[in-house]
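**Student:** Provided below: query32.txt, containing compact mmCIF, C-alpha atoms.
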```txt
# COMPACT_ATOMS: atom_id res chain seq x y z
CA MET F 22 -107.99 76.83 -2.14
CA THR F 23 -111.45 75.25 -2.50
CA GLU F 24 -113.83 76.86 -4.96
CA PRO F 25 -117.28 78.00 -3.75
CA PRO F 26 -120.25 75.74 -4.49
CA GLU F 27 -121.79 78.40 -6.72
CA ALA F 28 -118.74 78.45 -8.99
CA SER F 29 -118.78 74.64 -9.22
CA ALA F 30 -122.42 74.79 -10.26
CA ALA F 31 -121.59 77.40 -12.87
CA ALA F 32 -118.84 75.20 -14.31
CA ALA F 33 -121.29 72.30 -14.62
CA GLN F 34 -123.82 74.32 -16.64
CA PRO F 35 -124.09 73.88 -20.42
CA ALA F 36 -121.90 76.06 -22.65
CA SER F 37 -123.51 79.47 -22.22
CA GLY F 38 -122.43 82.59 -20.39
CA ALA F 39 -120.10 82.13 -17.45
CA GLY F 40 -120.63 78.38 -17.19
CA ARG F 41 -119.48 77.98 -20.76
CA THR F 42 -116.11 79.48 -19.97
CA GLY F 43 -115.45 77.19 -17.04
CA PHE F 44 -115.10 80.17 -14.68
CA SER F 45 -114.30 77.98 -11.71
CA GLY F 46 -110.80 77.52 -13.14
CA ALA F 47 -109.84 74.85 -10.59
CA PRO F 48 -107.28 72.77 -12.50
CA GLY F 49 -107.45 69.90 -10.06
CA THR F 50 -111.17 69.32 -10.54
CA ALA F 51 -110.76 67.82 -14.00
CA ARG F 52 -107.97 65.39 -13.05
CA PRO F 53 -108.59 61.75 -12.14
CA ALA F 54 -107.77 60.63 -8.65
CA GLY F 55 -104.89 58.46 -9.77
CA GLY F 56 -103.30 61.12 -12.00
CA ALA F 57 -100.67 62.19 -9.47
CA GLY F 58 -98.52 59.09 -9.96
CA PRO F 59 -97.60 59.53 -13.66
CA ARG F 60 -97.20 63.29 -13.22
CA ALA F 61 -94.77 62.75 -10.34
CA ALA F 62 -92.62 60.48 -12.51
CA ALA F 63 -92.54 62.87 -15.49
CA PRO F 64 -89.94 65.33 -14.15
CA ARG F 65 -87.54 62.49 -13.37
CA SER F 66 -87.87 61.17 -16.91
CA ALA F 67 -87.33 64.65 -18.35
CA THR F 68 -84.22 65.09 -16.20
CA THR F 69 -82.80 61.79 -17.41
CA ARG F 70 -83.38 62.71 -21.05
CA ALA F 71 -81.94 66.18 -20.49
CA THR F 72 -78.79 64.77 -18.85
CA ALA F 73 -78.30 62.32 -21.72
CA ALA F 74 -78.76 65.11 -24.25
CA GLY F 75 -76.28 67.33 -22.40
CA VAL F 76 -73.64 64.60 -22.21
CA THR F 77 -74.11 63.72 -25.90
CA VAL F 78 -73.77 67.32 -27.09
CA SER F 79 -70.73 67.89 -24.85
CA VAL F 80 -68.97 64.78 -26.19
CA LEU F 81 -69.74 65.80 -29.78
CA LEU F 82 -68.30 69.25 -29.15
CA ILE F 83 -65.13 67.79 -27.62
CA LEU F 84 -64.70 65.55 -30.67
CA ALA F 85 -65.32 68.54 -32.95
CA ILE F 86 -62.64 70.52 -31.10
CA VAL F 87 -60.13 67.66 -31.36
CA PHE F 88 -60.68 66.94 -35.05
CA GLY F 89 -61.38 70.56 -36.07
CA SER F 90 -58.03 71.63 -34.60
CA ARG F 91 -56.29 68.78 -36.45
CA LEU F 92 -55.85 66.60 -33.37
CA LEU F 93 -55.11 69.70 -31.23
CA GLU F 94 -52.25 70.78 -33.49
CA ASN F 95 -53.87 74.21 -33.89
CA PHE F 96 -55.29 74.35 -30.37
CA ASP F 97 -53.90 77.13 -28.18
CA SER F 98 -53.42 75.81 -24.64
CA ALA F 99 -53.70 79.37 -23.28
CA LEU F 100 -57.35 79.30 -24.34
CA LEU F 101 -58.11 76.04 -22.51
CA PRO F 102 -60.36 77.70 -19.85
CA TYR F 103 -62.52 79.19 -22.61
CA ALA F 104 -62.80 75.82 -24.35
CA VAL F 105 -63.75 74.05 -21.11
CA ALA F 106 -66.37 76.72 -20.41
CA SER F 107 -67.81 76.26 -23.91
CA VAL F 108 -68.19 72.51 -23.23
CA PHE F 109 -70.09 73.35 -20.02
CA LEU F 110 -72.14 75.80 -22.08
CA ALA F 111 -73.02 73.05 -24.58
CA PHE F 112 -74.08 70.72 -21.76
CA GLY F 113 -76.19 73.40 -20.06
CA VAL F 114 -77.93 74.52 -23.24
CA ALA F 115 -78.76 70.95 -24.29
CA TYR F 116 -79.92 70.07 -20.77
CA ARG F 117 -82.19 73.05 -20.27
CA TYR F 118 -83.53 73.01 -23.83
CA THR F 119 -84.52 69.36 -23.42
CA VAL F 120 -86.27 70.15 -20.14
CA TRP F 121 -87.99 73.12 -21.77
CA VAL F 122 -89.36 71.17 -24.75
CA SER F 123 -90.55 68.43 -22.38
CA ALA F 124 -93.26 70.77 -21.09
CA PRO F 125 -96.58 70.36 -22.96
CA GLY F 126 -96.77 73.92 -24.24
CA ALA F 127 -93.18 74.11 -25.46
CA ARG F 128 -93.35 70.59 -26.91
CA ARG F 129 -96.35 71.49 -29.06
CA LEU F 130 -94.71 74.74 -30.16
CA PHE F 131 -91.51 72.86 -30.99
CA LYS F 132 -93.28 70.19 -33.06
CA GLN F 133 -95.52 72.63 -34.91
CA GLY F 134 -92.59 74.92 -35.63
CA TRP F 135 -90.44 72.18 -37.16
CA ARG F 136 -93.43 70.75 -39.02
CA SER F 137 -94.04 74.14 -40.61
CA PHE F 138 -90.33 74.59 -41.29
CA PHE F 139 -90.06 71.35 -43.29
CA SER F 140 -93.49 71.58 -44.92
CA VAL F 141 -93.24 71.56 -48.73
CA ALA F 142 -96.81 72.86 -48.96
CA ASN F 143 -95.93 75.89 -46.81
CA PHE F 144 -92.90 76.61 -48.98
CA ARG F 145 -95.02 76.52 -52.11
CA LYS F 146 -97.64 78.86 -50.62
CA ALA F 147 -95.14 81.33 -49.17
CA PRO F 148 -91.57 80.72 -50.38
CA THR F 149 -90.25 83.98 -48.92
CA ALA F 150 -92.02 83.72 -45.55
CA LEU F 151 -89.25 81.88 -43.69
CA PRO F 152 -86.38 84.22 -44.73
CA ARG F 153 -88.51 87.28 -43.94
CA MET F 154 -89.52 85.98 -40.51
CA THR F 155 -85.96 84.93 -39.71
CA ALA F 156 -84.78 88.46 -40.49
CA THR F 157 -87.72 90.03 -38.64
CA TYR F 158 -87.72 87.97 -35.44
CA LEU F 159 -84.07 86.93 -35.16
CA GLY F 160 -82.09 89.57 -36.98
CA PHE F 161 -83.83 92.92 -36.63
CA GLN F 162 -86.34 92.02 -33.88
CA LYS F 163 -89.00 94.46 -35.06
CA PHE F 164 -91.31 93.42 -32.26
CA LEU F 165 -89.06 95.38 -29.88
CA GLY F 166 -89.43 98.53 -31.96
CA ALA F 167 -93.16 98.54 -31.24
CA ARG F 168 -92.36 98.96 -27.53
CA SER F 169 -89.59 101.55 -27.72
CA HIS F 170 -87.21 102.70 -30.45
CA ALA F 171 -84.47 103.28 -27.89
CA ARG F 172 -84.81 99.75 -26.49
CA TRP F 173 -84.79 98.34 -30.01
CA ALA F 174 -81.59 100.22 -30.90
CA ALA F 175 -79.86 99.15 -27.66
CA HIS F 176 -80.90 95.53 -28.19
CA GLN F 177 -79.60 95.63 -31.75
CA LEU F 178 -76.22 96.88 -30.53
CA ILE F 179 -75.99 94.06 -27.98
CA PHE F 180 -77.26 91.45 -30.44
CA TRP F 181 -74.89 92.22 -33.31
CA GLY F 182 -71.97 92.81 -30.95
CA CYS F 183 -72.49 89.40 -29.33
CA VAL F 184 -72.95 87.71 -32.72
CA LEU F 185 -69.68 89.20 -33.99
CA ALA F 186 -67.84 88.25 -30.78
CA SER F 187 -69.20 84.67 -30.92
CA LEU F 188 -68.22 84.19 -34.57
CA ILE F 189 -64.65 85.15 -33.66
CA THR F 190 -64.24 83.77 -30.14
CA PHE F 191 -65.57 80.23 -30.44
CA PRO F 192 -63.66 79.20 -33.60
CA LEU F 193 -60.45 80.72 -32.18
CA THR F 194 -61.00 79.00 -28.83
CA TRP F 195 -61.59 75.61 -30.44
CA GLY F 196 -58.57 75.86 -32.75
CA TRP F 197 -60.72 75.95 -35.88
CA PHE F 198 -59.71 79.46 -36.82
CA THR F 199 -56.03 80.46 -36.99
CA PHE F 200 -53.81 83.24 -38.30
CA THR F 201 -50.38 82.21 -39.56
CA SER F 202 -47.45 84.22 -40.86
CA GLY F 203 -44.59 82.92 -42.94
CA SER F 204 -42.18 85.43 -41.43
CA GLY F 205 -43.36 84.93 -37.85
CA SER F 206 -44.08 88.61 -37.22
CA GLY F 207 -46.08 89.70 -40.27
CA PRO F 208 -47.20 91.90 -41.79
CA GLY F 209 -48.44 89.24 -44.19
CA TYR F 210 -50.88 86.74 -42.64
CA GLU F 211 -53.05 83.87 -43.76
CA MET F 212 -56.44 83.10 -42.27
CA ARG F 213 -57.03 79.36 -42.03
CA ILE F 214 -60.16 77.44 -41.08
CA TRP F 215 -59.65 73.79 -40.08
CA GLY F 216 -56.13 74.14 -41.43
CA PHE F 217 -57.20 75.23 -44.91
CA LYS F 218 -56.17 78.63 -46.21
CA ILE F 219 -59.14 80.95 -46.80
CA ILE F 220 -57.56 84.33 -47.43
CA GLY F 221 -54.26 86.17 -47.19
CA PHE F 222 -54.03 89.76 -45.98
CA ASP F 223 -51.67 92.46 -44.80
CA SER F 224 -52.05 93.34 -41.12
CA LEU F 225 -51.26 96.99 -41.90
CA ASP F 226 -54.18 97.59 -44.29
CA ILE F 227 -57.89 98.07 -43.49
CA LEU F 228 -58.78 94.39 -43.88
CA GLY F 229 -55.96 93.39 -41.56
CA TRP F 230 -57.00 95.97 -38.96
CA LEU F 231 -60.58 94.67 -39.05
CA MET F 232 -59.35 91.09 -38.72
CA PHE F 233 -57.31 91.79 -35.62
CA HIS F 234 -59.76 94.22 -34.00
CA GLY F 235 -63.04 92.42 -34.58
CA LEU F 236 -63.50 91.79 -30.85
CA ASP F 237 -62.82 95.46 -30.12
CA ILE F 238 -65.55 96.43 -32.57
CA ALA F 239 -67.91 93.98 -30.87
CA ALA F 240 -67.08 95.51 -27.48
CA VAL F 241 -67.77 99.03 -28.79
CA LEU F 242 -71.22 97.85 -29.92
CA VAL F 243 -72.07 96.01 -26.70
CA ILE F 244 -71.03 98.66 -24.16
CA PRO F 245 -73.58 101.39 -25.10
CA GLY F 246 -76.38 98.84 -25.53
CA ALA F 247 -75.78 97.13 -22.19
CA SER F 248 -75.21 100.48 -20.47
CA TYR F 249 -78.56 101.78 -21.71
CA PHE F 250 -80.42 98.80 -20.29
CA LEU F 251 -78.48 99.04 -17.03
CA TRP F 252 -79.32 102.75 -16.79
CA ARG F 253 -82.96 102.01 -17.56
CA ARG F 254 -83.14 99.38 -14.83
CA MET F 255 -81.76 101.90 -12.37
CA ARG F 256 -84.20 104.65 -13.36
CA ASP F 257 -87.40 103.11 -14.75
CA ARG F 258 -89.87 102.50 -11.92
CA GLY F 259 -91.64 99.71 -13.78
CA ALA F 260 -88.36 97.86 -14.39
CA ILE F 261 -87.17 98.39 -10.80
CA THR F 262 -90.37 96.90 -9.39
CA GLY F 263 -90.02 93.48 -10.98
CA GLN F 264 -86.29 93.10 -11.53
CA ARG F 265 -84.01 90.60 -9.80
CA PHE F 266 -80.30 91.23 -9.36
CA ALA F 267 -79.04 87.80 -10.47
CA TYR F 268 -81.49 87.50 -13.36
CA ASP F 269 -81.73 91.05 -14.73
CA LEU F 270 -78.62 92.96 -13.65
CA VAL F 271 -75.85 90.35 -13.61
CA PRO F 272 -76.08 89.65 -17.40
CA LEU F 273 -75.72 93.34 -18.21
CA ILE F 274 -72.83 93.80 -15.78
CA ALA F 275 -71.11 90.71 -17.21
CA LEU F 276 -71.38 92.02 -20.77
CA ILE F 277 -69.95 95.38 -19.76
CA VAL F 278 -67.07 93.80 -17.80
CA ILE F 279 -66.18 91.50 -20.71
CA SER F 280 -66.25 94.37 -23.20
CA VAL F 281 -64.33 96.86 -21.05
CA THR F 282 -61.60 94.38 -20.07
CA GLY F 283 -61.27 93.33 -23.72
CA LEU F 284 -60.72 96.95 -24.80
CA LEU F 285 -58.26 97.46 -21.95
CA LEU F 286 -56.22 94.49 -23.20
CA THR F 287 -55.88 96.22 -26.56
CA PHE F 288 -55.09 99.53 -24.86
CA SER F 289 -52.42 97.87 -22.73
CA SER F 290 -50.71 96.18 -25.67
CA ILE F 291 -50.68 99.33 -27.85
CA PHE F 292 -50.13 102.21 -25.43
CA LEU F 293 -48.71 100.66 -22.24
CA HIS F 294 -46.32 98.17 -23.86
CA GLY F 295 -48.10 95.31 -22.07
CA GLY F 296 -48.34 96.94 -18.67
CA GLY F 297 -50.97 95.23 -16.52
CA TYR F 298 -51.76 92.84 -19.37
CA GLU F 299 -51.58 89.65 -17.30
CA PHE F 300 -53.99 90.93 -14.66
CA LEU F 301 -56.42 92.18 -17.31
CA ALA F 302 -56.18 88.88 -19.19
CA ILE F 303 -57.11 86.91 -16.06
CA LEU F 304 -59.98 89.28 -15.23
CA HIS F 305 -61.25 89.05 -18.81
CA MET F 306 -60.99 85.27 -18.80
CA VAL F 307 -62.87 84.95 -15.49
CA SER F 308 -65.69 87.20 -16.73
CA VAL F 309 -66.02 85.30 -20.02
CA VAL F 310 -65.96 81.86 -18.36
CA PHE F 311 -68.55 82.95 -15.80
CA THR F 312 -70.84 84.31 -18.53
CA LEU F 313 -70.58 81.17 -20.68
CA ILE F 314 -71.51 78.96 -17.73
CA TYR F 315 -74.30 81.37 -16.72
CA ILE F 316 -75.98 81.48 -20.17
CA PRO F 317 -78.06 78.26 -19.94
CA PHE F 318 -79.42 79.03 -16.49
CA GLY F 319 -80.11 82.77 -16.64
CA LYS F 320 -81.74 85.42 -18.77
CA PHE F 321 -79.43 84.75 -21.70
CA PHE F 322 -81.24 81.46 -22.34
CA HIS F 323 -83.85 83.38 -24.35
CA ILE F 324 -81.18 83.53 -27.09
CA VAL F 325 -81.59 79.77 -27.49
CA GLN F 326 -85.39 79.89 -27.22
CA ARG F 327 -85.98 82.71 -29.69
CA PRO F 328 -85.50 80.63 -32.91
CA ALA F 329 -88.52 78.52 -31.90
CA ALA F 330 -90.69 81.64 -32.29
CA VAL F 331 -89.87 81.72 -36.00
CA GLY F 332 -91.42 78.29 -36.53
CA MET F 333 -94.56 79.24 -34.60
CA GLN F 334 -94.92 82.51 -36.51
CA LEU F 335 -94.58 80.57 -39.76
CA PHE F 336 -97.23 78.15 -38.51
CA LYS F 337 -99.64 81.02 -37.78
CA TYR F 338 -98.83 82.86 -41.02
CA THR F 339 -99.48 79.88 -43.31
CA ALA F 340 -102.75 79.16 -41.51
CA GLN F 341 -103.87 82.77 -42.01
CA GLN F 342 -102.91 82.56 -45.69
CA ASP F 343 -105.44 79.74 -45.99
CA GLN F 344 -107.98 82.06 -44.32
CA GLU F 345 -108.31 79.66 -41.40
CA VAL F 346 -109.19 82.40 -38.93
CA PHE F 347 -111.07 81.48 -35.78
CA GLY F 348 -113.83 83.87 -34.66
CA CYS F 349 -114.69 84.58 -31.04
CA ARG F 350 -117.58 82.41 -29.84
CA ARG F 351 -119.24 85.41 -28.22
CA CYS F 352 -118.67 88.44 -30.48
CA GLU F 353 -117.38 86.63 -33.60
CA GLU F 354 -114.39 88.96 -33.87
CA PRO F 355 -111.22 87.26 -35.22
CA VAL F 356 -109.15 85.68 -32.44
CA ASP F 357 -106.26 84.01 -34.28
CA ALA F 358 -105.54 81.33 -36.84
CA ALA F 359 -107.83 78.33 -36.29
CA PRO F 360 -104.97 75.77 -36.09
CA TYR F 361 -103.21 78.00 -33.55
CA VAL F 362 -106.32 78.17 -31.35
CA GLU F 363 -106.72 74.40 -31.54
CA ASN F 364 -103.03 74.00 -30.68
CA LEU F 365 -103.54 76.18 -27.59
CA ARG F 366 -106.60 74.16 -26.55
CA GLY F 367 -104.59 70.96 -26.90
CA THR F 368 -101.85 72.37 -24.69
CA MET F 369 -104.35 73.31 -22.00
CA ARG F 370 -105.83 69.81 -22.13
CA ASP F 371 -102.34 68.30 -21.80
CA LEU F 372 -101.80 70.40 -18.69
CA GLY F 373 -105.04 69.12 -17.18
CA LEU F 374 -106.66 72.57 -17.16
CA GLY F 375 -110.44 72.43 -17.17
CA PHE F 376 -111.08 75.63 -19.11
CA ASP F 377 -109.54 75.10 -22.56
CA GLU F 378 -112.65 76.62 -24.18
CA TRP F 379 -111.36 80.02 -23.06
CA ALA F 380 -108.97 79.90 -26.00
CA GLU F 381 -112.02 80.38 -28.25
CA TYR F 382 -112.81 83.84 -26.85
CA CYS F 383 -111.18 87.17 -27.61
CA PRO F 384 -109.44 89.03 -24.73
CA ARG F 385 -112.33 91.47 -24.30
CA CYS F 386 -114.97 88.74 -24.05
CA LYS F 387 -112.83 86.84 -21.55
CA ARG F 388 -112.82 89.87 -19.28
CA VAL F 389 -116.58 90.36 -19.72
CA LEU F 390 -117.36 86.72 -18.95
CA ARG F 391 -115.10 86.68 -15.89
CA GLY F 392 -116.76 89.83 -14.59
CA SER F 393 -120.25 88.46 -15.25
CA ALA F 394 -119.45 85.18 -13.54
CA TYR F 395 -118.05 87.04 -10.54
CA LEU F 396 -121.13 89.24 -10.20
CA THR F 397 -123.65 86.45 -10.67
CA GLN F 398 -121.95 83.65 -8.73
CA VAL F 399 -119.26 84.82 -6.30
CA LYS F 400 -120.51 88.20 -5.12
CA LYS F 401 -123.84 86.68 -4.07
CA GLY F 402 -122.23 85.52 -0.89
CA PHE F 403 -121.35 89.08 0.14
CA GLN F 404 -124.84 90.57 -0.21
```
Please lay out the structure from this file as structure tokens.
**Tutor:**
Amino acid sequence: MTEPPEASAAAAQPASGAGRTGFSGAPGTARPAGGAGPRAAAPRSATTRATAAGVTVSVLLILAIVFGSRLLENFDSALLPYAVASVFLAFGVAYRYTVWVSAPGARRLFKQGWRSFFSVANFRKAPTALPRMTATYLGFQKFLGARSHARWAAHQLIFWGCVLASLITFPLTWGWFTFTSGSGSGPGYEMRIWGFKIIGFDSLDILGWLMFHGLDIAAVLVIPGASYFLWRRMRDRGAITGQRFAYDLVPLIALIVISVTGLLLTFSSIFLHGGGYEFLAILHMVSVVFTLIYIPFGKFFHIVQRPAAVGMQLFKYTAQQDQEVFGCRRCEEPVDAAPYVENLRGTMRDLGLGFDEWAEYCPRCKRVLRGSAYLTQVKKGFQ
């Protein structure tokens, strides 16, 4: 869409009023004529790097499975589908993460986050900042509580249930984590990691019950959390408007199916003497394998992206501690940390956007300047 001549004239004016904000907002106007060539080659380069990263991580995981299970001595062949799915998961996560950090905005966030993470000066200024932010943004996700206490509680149930299930499932699947009994049928067991004894326990006491029912506990946590979000997406008009079945509903359904079939396996073994166990085991396996392969390419990928937010929050926090706060160029109200604003401007320049100065205005002034530019430049043509 071609911008009107009046808007182009406004963008060419010196930095004042609407012209200062670059109201025209036509990204292509600031790019050189020959810029299309390098940009066209960039995705191909990112794909090549992402494929190499995915293959490397997958090979490393396979080697870790082989050596961690003592050359497959402790590897359970019945769990092979889960192990294969975890290798695909490793490839997908590495592939998509590499593609993600190849984008200008994510690349800057990634670099600044790691720079802040390893900064000795930041640690000296705020030694407790990183643990607090890790607990706040990754563990307890307080930012969700500001939106809704019910959503926060449901998300916590899903989060901790999935963490518990992952800590049990992956080491068992890879043969890193085993339970052995000298008598063959218990009740005394030894928990071994990489073949080394960690602890001995009795399967009939509380510790033993927790050991053997950890996945059931995880399922009990996940089911109400996922059910709440599924119910909300069926009833909340705002959620219904923008939701997509494959992106928003399938992850919740998958979590519920995995949890329910896992509980039914326990129910079958205890109360039905194994009745229907084989069918339930296959159904459970299919749902888990599907979910593991789906993670890198669906909504679950935010699990992998979320840790990057900790580094960026640390970056902003340390800048604010130094009182490097940037004031709005129009009303002089605080916008954000000065290094963060400059980082945003740099990202917009990398993207070839011709209005990076907008990062120097507060949200209210942006709206005022857009409205003023519309009234003075665009609406003239309709009088």
**Student:** Extract, using only C-alpha atoms, all DNA, RNA and protein residues at most 8 Å from Asp223 (chain F), discarding same-chain residues fewer than 5 positions from it, and format them as a PyMOL selection string.
**Tutor:** chain F and resi 207-210+228-229
**Student:** Write to file, as a compact mmCIF listing (two decimals), keeping the file's coordinate frame, the residues of the selection just made, with C-alpha atoms.
**Tutor:**
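As a result, out_5.txt now contains:
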```
# COMPACT_ATOMS: atom_id res chain seq x y z
CA GLY F 207 -46.08 89.70 -40.27
CA PRO F 208 -47.20 91.90 -41.79
CA GLY F 209 -48.44 89.24 -44.19
CA TYR F 210 -50.88 86.74 -42.64
CA LEU F 228 -58.78 94.39 -43.88
CA GLY F 229 -55.96 93.39 -41.56
```
**Student:** Pull the neighbourhood of (-110.4, 88.1, -33.7) for me: all residues within 12 Å in file coordinates, counting only C-alpha atoms, as an mmCIF file with C-alpha atoms, keeping the file's coordinate frame.
**Tutor:**
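Result went into selection.cif, see below:
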```
data_model
loop_
_atom_site.group_PDB
_atom_site.id
_atom_site.type_symbol
_atom_site.label_atom_id
_atom_site.label_comp_id
_atom_site.auth_asym_id
_atom_site.auth_seq_id
_atom_site.Cartn_x
_atom_site.Cartn_y
_atom_site.Cartn_z
ATOM 1 C CA GLN F 341 -103.870 82.770 -42.010
ATOM 2 C CA GLU F 345 -108.310 79.660 -41.400
ATOM 3 C CA VAL F 346 -109.190 82.400 -38.930
ATOM 4 C CA PHE F 347 -111.070 81.480 -35.780
ATOM 5 C CA GLY F 348 -113.830 83.870 -34.660
ATOM 6 C CA CYS F 349 -114.690 84.580 -31.040
ATOM 7 C CA ARG F 350 -117.580 82.410 -29.840
ATOM 8 C CA ARG F 351 -119.240 85.410 -28.220
ATOM 9 C CA CYS F 352 -118.670 88.440 -30.480
ATOM 10 C CA GLU F 353 -117.380 86.630 -33.600
ATOM 11 C CA GLU F 354 -114.390 88.960 -33.870
ATOM 12 C CA PRO F 355 -111.220 87.260 -35.220
ATOM 13 C CA VAL F 356 -109.150 85.680 -32.440
ATOM 14 C CA ASP F 357 -106.260 84.010 -34.280
ATOM 15 C CA ALA F 358 -105.540 81.330 -36.840
ATOM 16 C CA ALA F 359 -107.830 78.330 -36.290
ATOM 17 C CA VAL F 362 -106.320 78.170 -31.350
ATOM 18 C CA ALA F 380 -108.970 79.900 -26.000
ATOM 19 C CA GLU F 381 -112.020 80.380 -28.250
ATOM 20 C CA TYR F 382 -112.810 83.840 -26.850
ATOM 21 C CA CYS F 383 -111.180 87.170 -27.610
ATOM 22 C CA PRO F 384 -109.440 89.030 -24.730
ATOM 23 C CA ARG F 385 -112.330 91.470 -24.300
ATOM 24 C CA CYS F 386 -114.970 88.740 -24.050
#
```
**Student:** Give one line per residue of region 164-268 of chain F that approaches region 314-334 of chain F to at most 10 Å, naming the two atoms of the closest pair and their distance in Å to one decimal, counting only C-alpha atoms; sort by chain then ascending residue number and deliver it as JSON lines.
**Tutor:**
```
{"residue": "F:Phe180", "atom": "CA", "partner": "F:Ile324", "partner_atom": "CA", "distance": 9.5}
{"residue": "F:Ala267", "atom": "CA", "partner": "F:Gly319", "partner_atom": "CA", "distance": 8.0}
{"residue": "F:Tyr268", "atom": "CA", "partner": "F:Lys320", "partner_atom": "CA", "distance": 5.8}
```
**Student:** Residues of region 147-235 of chain F that approach region 284-290 of chain F to 12 Å or less, counting all atoms listed in the file: could you list each one with the shortest pair of atoms and its distance in Å to one decimal, rows by chain and increasing residue number, as CSV?
**Tutor:**
```
residue,atom,partner,partner_atom,distance
F:Phe233,CA,F:Thr287,CA,10.2
F:His234,CA,F:Thr287,CA,8.6
F:Gly235,CA,F:Leu284,CA,11.0
```
**Student:** Could you check the closest approach to Gly75 (chain F) for each of F:Ala156, F:Leu178, F:Val108, F:Leu92 and tell me which residue wins, using all atoms listed in the file?
**Tutor:**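 Selected residue with least distance to Gly75 (chain F): F:Val108.
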**Student:** Work out how far CA of Ile189 (chain F) is from CA of Gly283 (chain F), in Å to one decimal.
**Tutor:**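 That distance, rounded to one decimal, is 13.3 Å.
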**Student:** Counting all atoms listed in the file, select every polymer residue within 7 Å of (-59.4, 80.7, -37.6) as defined in the file's coordinates, and provide the selection as JSON, numbers by chain.
**Tutor:** {"F": [192, 193, 196, 197, 198, 199, 200, 212, 213, 214]}
**Student:** Please write out, as JSON, where the centre of an axis-aligned box around all listed atoms of region 384-396 of chain F lies and how long its edges are, in Å to one decimal, after adding 4 Å on each side.
**Tutor:**
```
{"center_x": -115.3, "center_y": 88.3, "center_z": -17.5, "size_x": 19.7, "size_y": 14.3, "size_z": 22.5}
```
**Student:** When you get a chance, write out N, CA, C and O atoms for region 233-244 of chain F, as an mmCIF file, in the coordinates of the input.
**Tutor:**
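Dumped everything to result.cif:
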```cif
data_model
loop_
_atom_site.group_PDB
_atom_site.id
_atom_site.type_symbol
_atom_site.label_atom_id
_atom_site.label_comp_id
_atom_site.auth_asym_id
_atom_site.auth_seq_id
_atom_site.Cartn_x
_atom_site.Cartn_y
_atom_site.Cartn_z
ATOM 1 N N PHE F 233 -57.915 91.865 -36.942
ATOM 2 C CA PHE F 233 -57.310 91.790 -35.620
ATOM 3 C C PHE F 233 -58.045 92.597 -34.557
ATOM 4 O O PHE F 233 -57.724 92.490 -33.362
ATOM 5 N N HIS F 234 -59.024 93.401 -34.964
ATOM 6 C CA HIS F 234 -59.760 94.220 -34.000
ATOM 7 C C HIS F 234 -61.260 93.941 -34.030
ATOM 8 O O HIS F 234 -62.045 94.776 -33.596
ATOM 9 N N GLY F 235 -61.620 92.775 -34.535
ATOM 10 C CA GLY F 235 -63.040 92.420 -34.580
ATOM 11 C C GLY F 235 -63.673 92.387 -33.201
ATOM 12 O O GLY F 235 -64.803 92.844 -33.005
ATOM 13 N N LEU F 236 -62.958 91.857 -32.221
ATOM 14 C CA LEU F 236 -63.500 91.790 -30.850
ATOM 15 C C LEU F 236 -63.612 93.179 -30.237
ATOM 16 O O LEU F 236 -64.512 93.431 -29.426
ATOM 17 N N ASP F 237 -62.709 94.090 -30.611
ATOM 18 C CA ASP F 237 -62.820 95.460 -30.120
ATOM 19 C C ASP F 237 -64.063 96.137 -30.689
ATOM 20 O O ASP F 237 -64.767 96.879 -29.985
ATOM 21 N N ILE F 238 -64.336 95.876 -31.951
ATOM 22 C CA ILE F 238 -65.550 96.430 -32.570
ATOM 23 C C ILE F 238 -66.792 95.888 -31.872
ATOM 24 O O ILE F 238 -67.746 96.626 -31.584
ATOM 25 N N ALA F 239 -66.782 94.586 -31.578
ATOM 26 C CA ALA F 239 -67.910 93.980 -30.870
ATOM 27 C C ALA F 239 -68.095 94.626 -29.503
ATOM 28 O O ALA F 239 -69.227 94.904 -29.073
ATOM 29 N N ALA F 240 -66.991 94.895 -28.809
ATOM 30 C CA ALA F 240 -67.080 95.510 -27.480
ATOM 31 C C ALA F 240 -67.651 96.925 -27.575
ATOM 32 O O ALA F 240 -68.461 97.329 -26.724
ATOM 33 N N VAL F 241 -67.254 97.672 -28.610
ATOM 34 C CA VAL F 241 -67.770 99.030 -28.790
ATOM 35 C C VAL F 241 -69.278 99.018 -29.049
ATOM 36 O O VAL F 241 -69.999 99.944 -28.657
ATOM 37 N N LEU F 242 -69.775 97.974 -29.689
ATOM 38 C CA LEU F 242 -71.220 97.850 -29.920
ATOM 39 C C LEU F 242 -71.956 97.471 -28.636
ATOM 40 O O LEU F 242 -73.020 98.014 -28.329
ATOM 41 N N VAL F 243 -71.385 96.547 -27.873
ATOM 42 C CA VAL F 243 -72.070 96.010 -26.700
ATOM 43 C C VAL F 243 -72.148 97.032 -25.566
ATOM 44 O O VAL F 243 -73.186 97.139 -24.886
ATOM 45 N N ILE F 244 -71.089 97.772 -25.329
ATOM 46 C CA ILE F 244 -71.030 98.660 -24.160
ATOM 47 C C ILE F 244 -72.175 99.669 -24.128
ATOM 48 O O ILE F 244 -72.873 99.777 -23.106
#
```
